[in-house]
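Structure first, then comments.
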Amino acid sequence: MEWKQFAPYLVPLLIMAVLARRVIRAQQARPVKTGRLWIYPLVLVALTILTLSREPAPTMLVVVAFAVVALAGGVLGWFRVHTLEFSIDPETNVVHSKASPLGAILLVGLLVFRQVLKYVLNDEGVKGVDLVHWTDGALIFTAVMFAAQSAHTWVKASKLVPPSPVEGVAPSKSAE
């Protein structure tokens, strides 16, 4: 056997190793930086819009498909936050999150779905403009998923942080 026989399997194995490392690291609680949650999705959405603006106008069917893909990405991004476990340090009011096992299963499921889709599309011989639409759809899905995930993370983390007392306002006395 030559190493060339194993070459097609090296990239998926490398991706699986990186994913396994990420899943293991995600099981540890990490601080949620609510002030920075918008940066990555904003860059991703801007790059997606820039990429799509350079393409010829798609047909109405493709636009509808893009809308469905964007909706699916938004729903999945919103749902992914439900797979995180949030906690707050009462002394510092810092919110932490860590992935639950369901989050890891969801991520692995997405990768398996991608591999199945790749296998099906290769058998169908998708090429040219159709392939560009598939990749554009994947880009839209990813951008909307991360935007929804960041927005929902901000919502959940903000609910955990107690409101800071307003200066100059005396705390209300409870009924005695």
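Ordering of the structure tokens sets the chain letters (A, B, ...), residue numbers begin anew at 1 in every chain, and ligands are numbered from 1 in the order given.
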
Stretch 49-63 of chain A: which residues within 9 Å, counting only C-alpha atoms, same-chain residues fewer than 2 positions away excluded, as a PyMOL selection string?
chain A and resi 44-47+65-68+133+136-137+140

I'd like the contact shell of A:Leu84 - 7 Å cut-off, only C-alpha atoms, skipping same-chain residues fewer than 3 positions apart - returned as a PDB file with C-alpha atoms, in the first residue's frame.
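Final file, selection27.pdb:
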```pdb
ATOM      1  CA  VAL A  81     -27.287  28.487  22.393  1.00  0.00           C
ATOM      2  CA  SER A  97     -20.662  29.248  29.321  1.00  0.00           C
ATOM      3  CA  LYS A  98     -19.725  25.712  28.483  1.00  0.00           C
ATOM      4  CA  ALA A  99     -20.994  23.290  25.909  1.00  0.00           C
ATOM      5  CA  SER A 100     -23.276  20.476  26.866  1.00  0.00           C
ATOM      6  CA  GLY A 103     -23.892  20.712  21.603  1.00  0.00           C
TER       7      GLY A 103
END
```

Find the residues near stretch 144-148 of chain A: any atom within 9 Å, counting only C-alpha atoms, skip ones fewer than 2 places away on the same chain, and give them as a ChimeraX atom specification.
/A:37-38,40-42,44-45,69-80,139-142,150-153

Emit the selected residues as a short mmCIF file (atom, residue, chain, number, x, y, z; two decimals), in the first residue's frame, including C-alpha atoms.
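As a result, out_20.cif now contains:
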```cif
data_model
loop_
_atom_site.label_atom_id
_atom_site.label_comp_id
_atom_site.auth_asym_id
_atom_site.auth_seq_id
_atom_site.Cartn_x
_atom_site.Cartn_y
_atom_site.Cartn_z
CA LEU A 37 -20.18 39.04 20.60
CA TRP A 38 -21.16 41.19 17.62
CA TYR A 40 -17.29 38.04 14.38
CA PRO A 41 -20.88 37.82 13.03
CA LEU A 42 -20.68 41.37 11.68
CA LEU A 44 -18.89 37.31 8.54
CA VAL A 45 -22.13 38.92 7.35
CA VAL A 69 -31.18 28.44 4.04
CA ALA A 70 -30.93 31.73 5.98
CA LEU A 71 -33.99 30.78 8.04
CA ALA A 72 -32.52 27.34 8.77
CA GLY A 73 -29.20 28.94 9.77
CA GLY A 74 -30.96 31.37 12.08
CA VAL A 75 -33.00 28.64 13.73
CA LEU A 76 -29.96 26.41 14.20
CA GLY A 77 -27.86 29.30 15.56
CA TRP A 78 -30.61 30.20 18.02
CA PHE A 79 -30.96 26.54 19.03
CA ARG A 80 -27.20 26.04 19.49
CA LEU A 139 -22.00 30.84 3.24
CA ILE A 140 -25.41 32.42 3.94
CA PHE A 141 -26.30 29.57 6.32
CA THR A 142 -23.06 29.99 8.27
CA SER A 150 -24.27 35.58 19.04
CA ALA A 151 -27.55 37.46 19.43
CA HIS A 152 -29.10 34.70 21.53
CA THR A 153 -25.94 34.31 23.62
#
```

Using only C-alpha atoms, determine which residues lie at most 12 Å from stretch 21-35 of chain A, disregarding the query and same-chain residues fewer than 2 positions distant; provide the list as a ChimeraX atom specification.
/A:14-19,37-40,83-89,92-108,150-161

By how many Å are atom CA of A:Leu13 and atom CA of A:Val112 apart?
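According to the coordinates, atom CA of A:Leu13 and atom CA of A:Val112 are separated by 12.8 Å.
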
Could you check the closest approach to A:Thr135 for each of A:Pro162, A:Val64, A:Thr48, A:Phe113 and tell me which residue wins, using only C-alpha atoms?
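Nearest to A:Thr135: A:Thr48.
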
Which residues in stretch 36-106 of chain A does DSSP call strand (DSSP E or B)? List them as a list in words.
Leu84, Glu85, Phe86, Ser87, Ile88, Val95, His96, Ser97, Lys98 and Ala99 of chain A

For the residues in the current selection, export N, CA and C atoms as a tab-separated table (two decimals), in the first residue's frame.
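This is the output file result35.tsv:
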```tsv
chain	number	residue	atom	x	y	z
A	84	LEU	N	-25.81	25.27	25.35
A	84	LEU	CA	-24.78	25.79	26.24
A	84	LEU	C	-25.33	25.88	27.65
A	85	GLU	N	-24.44	25.71	28.61
A	85	GLU	CA	-24.81	25.87	30.00
A	85	GLU	C	-24.19	27.16	30.50
A	86	PHE	N	-25.02	28.09	30.98
A	86	PHE	CA	-24.55	29.38	31.44
A	86	PHE	C	-24.52	29.40	32.96
A	87	SER	N	-23.52	30.09	33.51
A	87	SER	CA	-23.44	30.30	34.95
A	87	SER	C	-22.86	31.69	35.17
A	88	ILE	N	-23.02	32.20	36.38
A	88	ILE	CA	-22.50	33.52	36.70
A	88	ILE	C	-21.74	33.44	38.01
A	95	VAL	N	-20.26	36.18	33.41
A	95	VAL	CA	-21.04	35.06	32.90
A	95	VAL	C	-20.08	34.08	32.21
A	96	HIS	N	-20.25	32.80	32.51
A	96	HIS	CA	-19.45	31.75	31.87
A	96	HIS	C	-20.39	30.83	31.11
A	97	SER	N	-19.87	30.24	30.06
A	97	SER	CA	-20.66	29.25	29.32
A	97	SER	C	-19.78	28.06	29.01
A	98	LYS	N	-20.42	26.92	28.92
A	98	LYS	CA	-19.73	25.71	28.48
A	98	LYS	C	-20.71	24.87	27.69
A	99	ALA	N	-20.16	24.11	26.78
A	99	ALA	CA	-20.99	23.29	25.91
A	99	ALA	C	-21.52	22.09	26.66
```

Helix (DSSP H, G or I) residues, from DSSP on the backbone, in stretch 8-38 of chain A, as a list in words
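Of stretch 8-38 of chain A, the ones in helix (DSSP H, G or I) are Pro8, Tyr9, Leu10, Val11, Pro12, Leu13, Leu14, Ile15, Met16, Ala17, Val18, Leu19, Ala20, Arg21, Arg22, Val23, Ile24, Arg25, Ala26, Thr34, Gly35 and Arg36 of chain A.
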